[in-house]
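Participant: Please find protein.pdb (PDB, C-alpha atoms, pLDDT in the B column) on the next line:
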```pdb
ATOM      1  CA  MET A   3     159.725  79.190  62.744  1.00 56.00           C
ATOM      2  CA  ASN A   4     158.940  75.647  61.631  1.00 61.00           C
ATOM      3  CA  ASP A   5     157.576  72.733  63.651  1.00 56.00           C
ATOM      4  CA  SER A   6     160.980  71.044  64.102  1.00 50.00           C
ATOM      5  CA  THR A   7     162.366  74.181  65.765  1.00 48.00           C
ATOM      6  CA  ILE A   8     159.535  74.129  68.263  1.00 62.00           C
ATOM      7  CA  THR A   9     159.671  70.411  69.087  1.00 86.00           C
ATOM      8  CA  LEU A  10     163.431  69.848  68.761  1.00 93.00           C
ATOM      9  CA  PRO A  11     165.075  73.023  70.049  1.00 95.00           C
ATOM     10  CA  TRP A  12     168.278  71.428  71.422  1.00 96.00           C
ATOM     11  CA  LEU A  13     171.242  70.940  69.095  1.00 97.00           C
ATOM     12  CA  VAL A  14     174.396  68.921  69.490  1.00 97.00           C
ATOM     13  CA  VAL A  15     177.218  70.668  67.639  1.00 97.00           C
ATOM     14  CA  ARG A  16     180.639  69.252  66.752  1.00 95.00           C
ATOM     15  CA  GLN A  17     183.766  71.267  66.045  1.00 94.00           C
ATOM     16  CA  ASP A  18     186.658  69.463  64.387  1.00 90.00           C
ATOM     17  CA  ASP A  19     190.343  70.199  64.837  1.00 87.00           C
ATOM     18  CA  ASN A  20     190.232  72.569  61.825  1.00 90.00           C
ATOM     19  CA  GLY A  21     187.553  74.744  63.453  1.00 92.00           C
ATOM     20  CA  ASN A  22     184.711  73.534  61.212  1.00 95.00           C
ATOM     21  CA  ARG A  23     181.365  73.243  63.000  1.00 96.00           C
ATOM     22  CA  TYR A  24     178.600  70.764  62.180  1.00 95.00           C
ATOM     23  CA  ARG A  25     175.155  70.081  63.577  1.00 96.00           C
ATOM     24  CA  VAL A  26     175.116  66.473  64.792  1.00 95.00           C
ATOM     25  CA  GLY A  27     171.423  66.274  65.691  1.00 96.00           C
ATOM     26  CA  ARG A  28     168.356  67.939  67.171  1.00 97.00           C
ATOM     27  CA  TYR A  29     166.672  66.801  70.379  1.00 97.00           C
ATOM     28  CA  ALA A  30     163.540  67.559  72.368  1.00 96.00           C
ATOM     29  CA  THR A  31     165.266  67.999  75.736  1.00 96.00           C
ATOM     30  CA  ARG A  32     168.561  69.380  76.914  1.00 96.00           C
ATOM     31  CA  ALA A  33     169.197  66.194  78.916  1.00 97.00           C
ATOM     32  CA  GLU A  34     168.832  64.048  75.798  1.00 97.00           C
ATOM     33  CA  ALA A  35     171.147  66.303  73.790  1.00 97.00           C
ATOM     34  CA  GLN A  36     173.712  66.423  76.599  1.00 97.00           C
ATOM     35  CA  LYS A  37     173.713  62.618  76.853  1.00 97.00           C
ATOM     36  CA  ILE A  38     174.551  62.364  73.135  1.00 95.00           C
ATOM     37  CA  ALA A  39     177.229  65.083  73.362  1.00 95.00           C
ATOM     38  CA  ASP A  40     178.829  63.372  76.367  1.00 94.00           C
ATOM     39  CA  SER A  41     178.753  59.987  74.655  1.00 93.00           C
ATOM     40  CA  LEU A  42     180.410  61.352  71.523  1.00 92.00           C
ATOM     41  CA  GLY A  43     182.971  63.304  73.542  1.00 88.00           C
ATOM     42  CA  GLU A  44     184.048  60.162  75.396  1.00 88.00           C
ATOM     43  CA  ARG A  45     185.243  58.506  72.177  1.00 82.00           C
ATOM     44  CA  GLY A  46     188.650  60.130  72.541  1.00 72.00           C
ATOM     45  CA  HIS A  47     188.754  62.038  69.245  1.00 73.00           C
ATOM     46  CA  LYS A  48     189.956  65.628  69.072  1.00 76.00           C
ATOM     47  CA  GLN A  49     186.521  67.006  68.175  1.00 86.00           C
ATOM     48  CA  LEU A  50     184.582  69.136  70.645  1.00 93.00           C
ATOM     49  CA  TYR A  51     180.864  68.577  71.258  1.00 94.00           C
ATOM     50  CA  TRP A  52     178.410  70.906  72.964  1.00 95.00           C
ATOM     51  CA  VAL A  53     174.696  71.625  73.330  1.00 97.00           C
ATOM     52  CA  GLU A  54     172.891  74.742  72.109  1.00 96.00           C
ATOM     53  CA  CYS A  55     169.266  75.855  72.254  1.00 95.00           C
ATOM     54  CA  VAL A  56     167.891  77.350  69.039  1.00 91.00           C
ATOM     55  CA  GLY A  57     165.570  80.328  68.588  1.00 72.00           C
ATOM     56  CA  GLN A  58     162.854  80.168  71.188  1.00 59.00           C
ATOM     57  CA  PRO A  59     161.989  83.740  72.162  1.00 47.00           C
ATOM     58  CA  GLY A  60     162.167  84.127  75.914  1.00 48.00           C
ATOM     59  CA  GLY A  61     163.705  80.670  76.274  1.00 49.00           C
ATOM     60  CA  PRO A  62     167.157  79.671  77.515  1.00 47.00           C
ATOM     61  CA  ALA A  63     170.104  81.054  75.590  1.00 46.00           C
ATOM     62  CA  GLY A  64     171.844  77.684  75.402  1.00 46.00           C
ATOM     63  CA  SER A  65     175.018  76.471  76.968  1.00 46.00           C
ATOM     64  CA  GLY A  66     177.335  78.373  74.661  1.00 49.00           C
ATOM     65  CA  GLY A  67     180.141  77.031  72.531  1.00 52.00           C
ATOM     66  CA  PRO A  68     183.291  75.151  73.377  1.00 52.00           C
ATOM     67  CA  ASP A  69     184.750  78.161  75.168  1.00 47.00           C
ATOM     68  CA  GLY A  70     181.719  78.369  77.451  1.00 45.00           C
ATOM     69  CA  ALA A  71     180.559  81.735  76.111  1.00 39.00           C
ATOM     70  CA  ALA A  72     176.821  81.967  75.710  1.00 39.00           C
ATOM     71  CA  GLY A  73     175.132  83.227  72.589  1.00 37.00           C
TER      72      GLY A  73
END
```
As structure tokens, how would this structure be written, given the file I've shared?
Facilitator:
Amino acid sequence: MNDSTITLPWLVVRQDDNGNRYRVGRYATRAEAQKIADSLGERGHKQLYWVECVGQPGGPAGSGGPDGAAG
């Protein structure tokens, strides 16, 4: 595990209308990541944005993908 995984465990992920997924950014807190995801989602495009937590053993599993399924 590298230092960025430890200090920036929260990802914002975008899925386009073709099903392609991209990492938008990494953030230190879930609140910060959610604020970015919400802001991007309000732009009215067809892309989906959500927040995930990456590999911290014993930590939260994340919020799941666009269908709400965790993990």
Participant: Between atom CA of Gln36 of chain A and atom CA of Val56 of chain A, measure the distance and give it in Å to one decimal.
Facilitator: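 So the answer is 14.5 Å.
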Participant: I need the output of the PyMOL selection byres ((chain A and resi 14) around 9) for this file as a CSV table (one decimal) with C-alpha atoms, in the frame of the given file; which residues are they?
Facilitator:
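Result file is part01.csv:
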```
chain,number,residue,atom,x,y,z
A,12,TRP,CA,168.3,71.4,71.4
A,13,LEU,CA,171.2,70.9,69.1
A,15,VAL,CA,177.2,70.7,67.6
A,16,ARG,CA,180.6,69.3,66.8
A,24,TYR,CA,178.6,70.8,62.2
A,25,ARG,CA,175.2,70.1,63.6
A,26,VAL,CA,175.1,66.5,64.8
A,27,GLY,CA,171.4,66.3,65.7
A,28,ARG,CA,168.4,67.9,67.2
A,29,TYR,CA,166.7,66.8,70.4
A,35,ALA,CA,171.1,66.3,73.8
A,36,GLN,CA,173.7,66.4,76.6
A,38,ILE,CA,174.6,62.4,73.1
A,39,ALA,CA,177.2,65.1,73.4
A,51,TYR,CA,180.9,68.6,71.3
A,52,TRP,CA,178.4,70.9,73.0
A,53,VAL,CA,174.7,71.6,73.3
A,54,GLU,CA,172.9,74.7,72.1
```
Participant: Just give me the gap between atom CA of Lys48 of chain A and atom CA of Thr31 of chain A in Å, one decimal is fine.
Facilitator: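 Computing it gives 25.7 Å between the two atoms.
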Participant: Can you work out the spacing between atom CA of Arg32 of chain A and atom CA of Pro11 of chain A in Å, to one decimal?
Facilitator: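 Taking atom CA of Arg32 of chain A as the start and atom CA of Pro11 of chain A as the end point, the length is 8.5 Å.
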Participant: Around all listed atoms of segment 9-28 of chain A, padded 4 Å per side, what centre and edge lengths does the axis-aligned box have in Å to one decimal, as lines of an AutoDock Vina configuration file?
Facilitator:
```
center_x = 175.0
center_y = 70.5
center_z = 66.3
size_x = 38.7
size_y = 16.5
size_z = 18.2
```
